[in-house]
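**Student:** A single structure is presented below for examination.
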Amino acid sequence: MSKFGETTHDRPEKVDELLGSHLMASLDRLDIVARKIFSGKTQGERRSRRRGQSVEFADYRQYSSGDDLRFIDWNVYARLDKLFMKIFLEEEELTLGIAIDASASMEYGNPNKFDFIRRLAMALGYIALSSHNKVSLFSFNDSGIQKLTGLRGKRRTRDMGQWLLDQLPHGGTAFVEACKTISTSRQGRGVLVVLSDCLDGDGVKQGLSYLVGGGWDVFVIQTLSPEEISPLACGLDGDLRLEDAESGATCEITATAPLVEAYKRRVDQYCEDVKEQCTRIGAGSVRVSTDIDMERLLVEYLRGRGLVR
Amino acid sequence: MIWVTPSVGLLVAAITFPLLLLLYFLRLRRQPVRIASTMLWHKAVEDLHANSPFQRLRPSVLLLLQLFALLLVILAIMQPQIEGSVPREGRHVILIDRSGSMAAENEDGTTRLEQAKEEALVLIDQLYGGGLFSSASGESMVIGFSDQANIYAPFTDSKQQLTSAILGITQSHGKSFIGDSLQLARGYMTNVNPESEGVSSSESASLELFSDGNIEDFNGQSLANGESLRYHMVGEPTAVNVGIAMIDAKRLSEKNDNVQVFLSLINTALTPMTQDVELSIDGVPIGVQETVIPSQEDGVPGRSSVVFVPFPMQNSGLIQAKIIQRDVLSIDNQASLVIPPPKEIRVLLSENGAPILQTVLEGMALEELKVVSSSSILSMIQEGQTLDYDVVVTRDIELPTLPLGNFFVFGAPPPLPAFASFVKGDTQVMLVADEEHPTMRFVRYEDIVVTEGYDVVQEGSSQVLLEGSSWPAVMTVRTNGRQVVYVAFDPMNSNWPYLRSFPFFVFNTIEYLGRSGEKLTSSLRSIGGSLTESVRPGDVVSVIDSNGIQHSVTVDSHGSASWGPIESAGVHILRVNEETEIQIAVNSPEYESIVSSVETVVIGTNEIETTQASKLAYIQLWPWALGAVLAVLLVEWWVYQKKVSTPLMKSLAEGSRGIR
């Protein structure tokens with residue numbers, strides 16, 4: 001019998017376990033989408049705005065909360081009474097930054113949150129590399145930032161995977177410091193996907209502001225485990241002394257339905273706050289549970305939210 | 001539903017419930033669980049004010065289980081009972097029938113007495129079920145009755161004493177009489193107030209009768225003012241039985257050493273019954289006879305007689321008859337008879353002249369032959385010493401009075417009215433004899449010639465045994481405790497002493513008179529009576545009853561050993577000095593063979609039906625409450641173990657999956 005929140009599944013030890021062949025095949029037809037237009041250093045599959053003021057229209061997608069209102073096609077809205085975003089095809093090379101939260105709070109849940117974001121980072125990175133984009137990886141906690149930058153081409157997929165496997169979650173989050181460091185780094189501008197549980201209170205809002213201010217097109221994927229979303233359904237019961245994985249702080253509770261309901265309200269409210277903050281600063285956001293199917297997440301949800309196409 | 005000790009339960013509740021809640025609050029043992037962040041939990045706790053007592057109390061399964069268990073304990077202490085119709089107050093007299101019919105077996109194999117005791121214990125539980133916490137109820141007494149009433153417990157409110165008394169009631173095989181019991185109960189119900197001399201007060205009581213209703217003297221009883229009777233019928237009204245009502249035996253007159261046994265069987269069933277009856281002597285079966293006993297009619301049992309083929313039996317022995325088929329009552333399926341050893345005869349002789357009678361009597365196997373002079377016998381008669389002898393023989397002696405006893409008189413007529421008038425008889429020969437009479441067996445009288453005698457004028461009370469040609473020669477008379485065989489001549493005035501028939505006649509007469517009044521069988525003792533035997537002072541006497549239990553018997557200074565009352569049917573053995581054993585047969589009374597339980601008894605003018613609801617009344621519920629406590633504690637232990645051990649990581653519910 002396992003403890004509440006304890007990871008019971010096998011942990012990934014090989015790159016292949018981070019990204020399976022089946023998922024890899026599904027990802028080959030996807031590409032990272034930037035809501036902003038950036039000027040790349042090398043020619044890529046994206047047309048630079050330096051070559052003309054207009055960009056080539058490529059496609060429409062549904063509007064989602066937080067999208068830049070300047071790209072809404074108002075004519076379509078007038079006809080259909082629905083909001084659609086215009087997507088541009090011709091852009092320069094895009095840099096995809098992936099920042100993963102390697103704090104102790106991520107080493108939790110069943111499925112494990114850190115394993116989940118490593119697999120997600122691997123998938124996103126693979127998409128970017130497959131689309132001839134540049135990929136930079138960041139791993140942060142209160143010990144500082146680990147990074148792997150300048151990855152180009154699918155042949156670097158294994159390097160990326162090994163780097164992810166080498167990361168070990170520990171310590172506090174230090175979200176603000178990490179965001180400051182990333183925003184000031186000269187890794188180019190592009191899309192920065194932040195993979196974190198965002199359980200750092202006000203630090204999350206502040207940190208994201210730094211990132212957006214630094215020129216990144218930020219997309220936050222707030223990753224929570226099922227135990228954090230529905231504790232009662234996952235077996236939380238009895239008189240408990242909860243211990244914070246990062247700070248060691250404790251909280252004594254009796255796992256009752258009213259208390260858990262209050263907790264869930266708090267979780268929802270907190271996630272809404274994160275989302276609202278992201279919207280306010282022009283960042284995209286989505287909240288996912290670690291038990292979601294990865295292919296479904298990428299192909300349906302993140303595509304719907306405009307991160308990939 | 002009633003509560004025997006509600007106040008105690010409420011008091012315990014007032015103490016324990018707050019204590020349990022307090023202990024719950026003080027309980028700090030919490031299972032540590034490591035989670036990603038406690039930030040949101042802190043806020044949730046603050047939201048709910050989870051530190052407030054009521055918020056903490058509300059959802060705890062363990063606390064609820066503990067409270068429930070405590071509630072059950074308190075309910076048990078309050079001793080809930082299902083209310084019955086037995087009033088707990090007042091006095092109760094518990095009358096338990098332990099007569100022979102109560103030995104009948106029910107369908108479940110228990111006897112009626114066992115059923116009666118069990119139901120009486122239920123009643124005791126109903127009356128005194130409060131245990132340690134109960135308030136005192138009224139007093140009760142226990143009486144067991146059969147032939148006679150026995151008080152097993154006087155009026156007391158001690159449940160233990162009453163229970164022991166009921167359990168101590170033993171089975172009797174005697175008849176069922178309730179009159180003594182009612183008198184005893186009424187006697188005990190009369191209270192004498194010690195502070196008011198001579199003033200007595202009587203408090204009526206409720207009579208609780210446990211019986212099958214077959215009580216012989218019920219019709220002659222009545223209830224006193226204020227008395228009430230509740231009749232608890234035991235046994236089944238449809239029970240049927242076949243039993244031996246009577247056993248007897250006699251010797252055949254034509255063959256004195258042959259014995260014939262007679263039985264009387266009764267049948268209480270509505271259909272005729274065929275039964276096999278086995279006869280045995282000293283435990284050795286000698287024959288089985290089948291008989292059909294007719295059915296009962298109008299409540300009167302059917303009856304049939306069984307006559308066994310005569311069988312030789314010269315000495316003592318134990319004759320037993322047994323019905324082979326089993327039925328509900330076993331005690332009447334067997335009956336016994338004891339054939340005692342032949343009686344040893346003591347003879348007192350006084351004769352004038354030649355000792356011809358002494359010569360003959362000395363040739364007989366007598367226990368004692370005492371020869372005295374004519375003057376001595378007269379004084380012995382006056383002093384009543386002749387009563388010590390079975391036969392007094394006189395020859396040619398004029399007796400002034402004739403005391404009680406058996407007399408064999410030759411010559412001078414005895415002083416009885418039957419021989420009061422006589423004249424001198426002349427010579428004669430014998431003509432006719434009553435050859436059927438025991439005294440005249442093998443006596444050839446044709447050669448007897450008498451030259452002189454007493455010609456008695458015969459009266460109606462006398463019987464002539466040998467008639468002469470002129471006057472009756474031998475007569476017999478039985479009157480007022482005296483039995484006399486009178487030979488109306490002196491043998492020396494005849495040729496009879498020289499004939500072979502003379503010693504035959506003397507032998508026959510001594511046997512006839514000596515065994516006069518002797519029955520073939522020892523007298524049957526009845527249940528409830530006593531066994532009495534004359535022994536020598538200082539002898540060690542004991543009785544082994546039919547159940548094989550040995551009882552010592554005290555012998556008084558006169559050599560009388562007495563034991564009783566007899567409780568059970570069967571053969572009892574009286575043992576004297578570990579040497580001599582005397583078998584005594586005790587048979588079941590016929591009335592107890594009627595085993596159909598009576599649903600309505602009539603006492604006086606009251607018809608009382610059996611109480612049906614007695615078993616349902618005052619069912620104790622506290623054992624069930626305690627059992628539920630145990631079950632709740634087990635559940636609580638299981639829940640606790642589940643909580644303190646690592647919680648199960650259950651699979652996520654479908655609704656919790658996916659994107660929010």
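By order of appearance in the structure tokens: chains A, B, ..., then residues from 1 within every chain, and ligands from 1 in the order shown.
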Among the residues of segment 64-146 of chain A, find those DSSP assigns to helix (DSSP H, G or I) from the backbone and print them as a ChimeraX atom specification.

**Tutor:** /A:69-71,74-80,104-106,113-130

**Student:** Each residue of chain A with at least one atom at most 8 Å from chain B should appear once, together with its nearest atom pair and the corresponding distance in Å (one decimal); atoms considered: only C-alpha atoms; ordering: chain, then increasing residue number; output as JSON lines.

**Tutor:**
{"residue": "A:Met1", "atom": "CA", "partner": "B:Thr646", "partner_atom": "CA", "distance": 5.8}
{"residue": "A:Ser2", "atom": "CA", "partner": "B:Thr646", "partner_atom": "CA", "distance": 5.6}
{"residue": "A:Lys3", "atom": "CA", "partner": "B:Thr646", "partner_atom": "CA", "distance": 4.7}
{"residue": "A:Phe4", "atom": "CA", "partner": "B:Pro647", "partner_atom": "CA", "distance": 5.9}
{"residue": "A:Gly5", "atom": "CA", "partner": "B:Ile35", "partner_atom": "CA", "distance": 6.7}
{"residue": "A:Ala104", "atom": "CA", "partner": "B:Ala36", "partner_atom": "CA", "distance": 7.4}
{"residue": "A:Ser105", "atom": "CA", "partner": "B:Ala36", "partner_atom": "CA", "distance": 4.2}
{"residue": "A:Met106", "atom": "CA", "partner": "B:Ala36", "partner_atom": "CA", "distance": 6.8}
{"residue": "A:Glu107", "atom": "CA", "partner": "B:Ala36", "partner_atom": "CA", "distance": 7.6}
{"residue": "A:Tyr108", "atom": "CA", "partner": "B:Ala36", "partner_atom": "CA", "distance": 6.1}
{"residue": "A:Leu199", "atom": "CA", "partner": "B:Ser37", "partner_atom": "CA", "distance": 6.9}
{"residue": "A:Pro226", "atom": "CA", "partner": "B:Leu652", "partner_atom": "CA", "distance": 6.9}
{"residue": "A:Ile229", "atom": "CA", "partner": "B:Ser656", "partner_atom": "CA", "distance": 7.1}
{"residue": "A:Ser230", "atom": "CA", "partner": "B:Ser656", "partner_atom": "CA", "distance": 6.3}
{"residue": "A:Ala233", "atom": "CA", "partner": "B:Leu652", "partner_atom": "CA", "distance": 5.9}
{"residue": "A:Cys234", "atom": "CA", "partner": "B:Lys650", "partner_atom": "CA", "distance": 4.9}
{"residue": "A:Gly235", "atom": "CA", "partner": "B:Met649", "partner_atom": "CA", "distance": 5.5}
{"residue": "A:Leu236", "atom": "CA", "partner": "B:Pro647", "partner_atom": "CA", "distance": 7.0}
{"residue": "A:Asp237", "atom": "CA", "partner": "B:Lys643", "partner_atom": "CA", "distance": 6.9}
{"residue": "A:Gly238", "atom": "CA", "partner": "B:Lys643", "partner_atom": "CA", "distance": 5.7}
{"residue": "A:Asp239", "atom": "CA", "partner": "B:Arg30", "partner_atom": "CA", "distance": 5.2}
{"residue": "A:Leu240", "atom": "CA", "partner": "B:Gln31", "partner_atom": "CA", "distance": 4.7}
{"residue": "A:Arg241", "atom": "CA", "partner": "B:Pro32", "partner_atom": "CA", "distance": 4.6}
{"residue": "A:Leu242", "atom": "CA", "partner": "B:Val33", "partner_atom": "CA", "distance": 4.9}
{"residue": "A:Glu243", "atom": "CA", "partner": "B:Arg34", "partner_atom": "CA", "distance": 4.7}
{"residue": "A:Asp244", "atom": "CA", "partner": "B:Ser37", "partner_atom": "CA", "distance": 4.7}
{"residue": "A:Ala245", "atom": "CA", "partner": "B:Ala36", "partner_atom": "CA", "distance": 5.1}
{"residue": "A:Glu246", "atom": "CA", "partner": "B:Ser37", "partner_atom": "CA", "distance": 7.2}
{"residue": "A:Ala249", "atom": "CA", "partner": "B:Thr38", "partner_atom": "CA", "distance": 7.1}
{"residue": "A:Thr250", "atom": "CA", "partner": "B:Thr38", "partner_atom": "CA", "distance": 6.9}
{"residue": "A:Cys251", "atom": "CA", "partner": "B:His42", "partner_atom": "CA", "distance": 6.4}
{"residue": "A:Glu252", "atom": "CA", "partner": "B:Arg30", "partner_atom": "CA", "distance": 7.7}
{"residue": "A:Ile253", "atom": "CA", "partner": "B:Val45", "partner_atom": "CA", "distance": 7.4}
{"residue": "A:Thr254", "atom": "CA", "partner": "B:Arg56", "partner_atom": "CA", "distance": 7.0}
{"residue": "A:Thr256", "atom": "CA", "partner": "B:Pro59", "partner_atom": "CA", "distance": 5.6}
{"residue": "A:Ala257", "atom": "CA", "partner": "B:Pro59", "partner_atom": "CA", "distance": 7.4}
{"residue": "A:Pro258", "atom": "CA", "partner": "B:Leu48", "partner_atom": "CA", "distance": 7.7}
{"residue": "A:Leu259", "atom": "CA", "partner": "B:Leu48", "partner_atom": "CA", "distance": 6.5}
{"residue": "A:Val260", "atom": "CA", "partner": "B:Ala44", "partner_atom": "CA", "distance": 7.7}
{"residue": "A:Ala262", "atom": "CA", "partner": "B:Ala44", "partner_atom": "CA", "distance": 5.1}
{"residue": "A:Tyr263", "atom": "CA", "partner": "B:Ala44", "partner_atom": "CA", "distance": 4.7}
{"residue": "A:Arg266", "atom": "CA", "partner": "B:Leu40", "partner_atom": "CA", "distance": 6.2}
{"residue": "A:Val267", "atom": "CA", "partner": "B:Leu40", "partner_atom": "CA", "distance": 6.6}
{"residue": "A:Val286", "atom": "CA", "partner": "B:Ile659", "partner_atom": "CA", "distance": 7.8}
{"residue": "A:Arg287", "atom": "CA", "partner": "B:Arg660", "partner_atom": "CA", "distance": 5.9}
{"residue": "A:Val288", "atom": "CA", "partner": "B:Ile659", "partner_atom": "CA", "distance": 4.8}
{"residue": "A:Ser289", "atom": "CA", "partner": "B:Gly658", "partner_atom": "CA", "distance": 5.8}
{"residue": "A:Asp291", "atom": "CA", "partner": "B:Arg657", "partner_atom": "CA", "distance": 6.7}
{"residue": "A:Ile292", "atom": "CA", "partner": "B:Gly658", "partner_atom": "CA", "distance": 5.5}

**Student:** Report the distance between atom CA of Asn406 of chain B and atom CA of Thr359 of chain B in Å, rounded to one decimal place.

**Tutor:**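 Going from atom CA of Asn406 of chain B over to atom CA of Thr359 of chain B covers 20.3 Å.
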
**Student:** Interatomic distance between atom CA of Leu167 of chain B and atom CA of Asp97 of chain B?

**Tutor:**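 Atom CA of Asp97 of chain B lies at a distance of 13.3 Å from atom CA of Leu167 of chain B.
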
**Student:** Using only C-alpha atoms, which residues sit within 9 Å of Asp388 of chain B once same-chain residues fewer than 3 positions away are excluded, as a ChimeraX atom specification?

**Tutor:** /B:346,384-385

**Student:** For the residues in the current selection, export C-alpha atoms as a short mmCIF file (atom, residue, chain, number, x, y, z; two decimals), in the first residue's frame.

**Tutor:**
data_model
loop_
_atom_site.label_atom_id
_atom_site.label_comp_id
_atom_site.auth_asym_id
_atom_site.auth_seq_id
_atom_site.Cartn_x
_atom_site.Cartn_y
_atom_site.Cartn_z
CA ARG B 346 -41.63 -70.22 65.31
CA GLY B 384 -49.01 -61.76 75.92
CA GLN B 385 -45.79 -63.61 75.14
#

**Student:** Nearest residue to Phe57 of chain A out of A:Leu208, A:Ile87, A:Ala121, A:Ala99, using only C-alpha atoms?

**Tutor:**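 Smallest distance to Phe57 of chain A is found for A:Ile87.
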
**Student:** List the neighbours of Arg303 of chain A out to 9 Å using only C-alpha atoms; skip same-chain residues closer than 5 positions along the sequence, and give me the result as a list in words.

**Tutor:** Leu30, Val33, Leu297, Leu298, Val308 and Arg309 of chain A

**Student:** Now that the selection is made, can you save its residues with C-alpha atoms as a PDB file, in the first residue's frame?

**Tutor:**
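Written out: part-v4.pdb:
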ATOM      1  CA  LEU A  30       3.177  19.526 -35.680  1.00  0.00           C
ATOM      2  CA  VAL A  33       3.296  28.549 -33.243  1.00  0.00           C
ATOM      3  CA  LEU A 297      -2.534  17.049 -24.738  1.00  0.00           C
ATOM      4  CA  LEU A 298      -0.357  18.028 -27.633  1.00  0.00           C
ATOM      5  CA  VAL A 308       1.321  24.080 -31.768  1.00  0.00           C
ATOM      6  CA  ARG A 309      -0.322  23.598 -35.098  1.00  0.00           C
TER       7      ARG A 309
END

**Student:** Based on DSSP run over this structure's backbone, return all residues of segment 137-201 of chain A in strand (DSSP E), as a list in words.

**Tutor:** Leu137, Phe138, Ser139, Phe140, Asn141, Gly144, Ile145, Gln146, Lys147, Leu148, Thr149, Gly150, Leu151, Arg152, Gly190, Val191, Leu192, Val193, Val194, Leu195 and Ser196 of chain A

**Student:** Just give me the gap between atom CA of Asn508 of chain B and atom CA of Leu361 of chain B in Å, one decimal is fine.

**Tutor:**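 Separation of atom CA of Asn508 of chain B and atom CA of Leu361 of chain B: 11.3 Å.
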
**Student:** Segment 150-161 of chain A: which residues within 6 Å, counting only C-alpha atoms, same-chain residues fewer than 4 positions away excluded, as an mmCIF file with C-alpha atoms, in the first residue's frame?

**Tutor:**
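Dumped everything to out.cif:
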data_model
loop_
_atom_site.group_PDB
_atom_site.id
_atom_site.type_symbol
_atom_site.label_atom_id
_atom_site.label_comp_id
_atom_site.auth_asym_id
_atom_site.auth_seq_id
_atom_site.Cartn_x
_atom_site.Cartn_y
_atom_site.Cartn_z
ATOM 1 C CA VAL A 15 15.539 8.898 -23.698
ATOM 2 C CA LEU A 129 13.676 20.569 -33.712
ATOM 3 C CA SER A 130 11.635 18.783 -36.324
ATOM 4 C CA HIS A 132 14.046 23.464 -37.940
ATOM 5 C CA LYS A 134 16.118 26.419 -32.294
ATOM 6 C CA VAL A 135 15.533 24.952 -28.869
ATOM 7 C CA SER A 136 16.812 26.120 -25.509
#

**Student:** Between A:Asp115, A:Glu227, A:Gly203, A:Thr290, which is the closest to Gln167 of chain A once you count only C-alpha atoms?

**Tutor:** A:Asp115

**Student:** When you look at Glu236 of chain B with a cut-off of 8 Å (counting only C-alpha atoms), what residues show up, excluding the ones that are within fewer than 6 positions of it in the same chain? I need them as a list in words.

**Tutor:**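 In the requested form, the answer reads Asn106, Ser596 and Ser597 of chain B.
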
**Student:** Using only C-alpha atoms, which of the listed residues (B:Val571, B:Ala321, B:Phe504, B:Pro154) sits closest to Val284 of chain B?

**Tutor:** B:Ala321

**Student:** Between B:Leu229, B:Leu263, B:Val372, B:Val432, single out the one closest to Val601 of chain B, counting only C-alpha atoms.

**Tutor:**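 Among the listed residues, the smallest separation from Val601 of chain B belongs to B:Leu229.
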
**Student:** Counting only C-alpha atoms, which residue out of B:Gly460, B:Pro237, B:Pro400, B:Pro285 sits closest to Pro415 of chain B?

**Tutor:**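 Checking each candidate against Pro415 of chain B, we get B:Pro400 as the closest.
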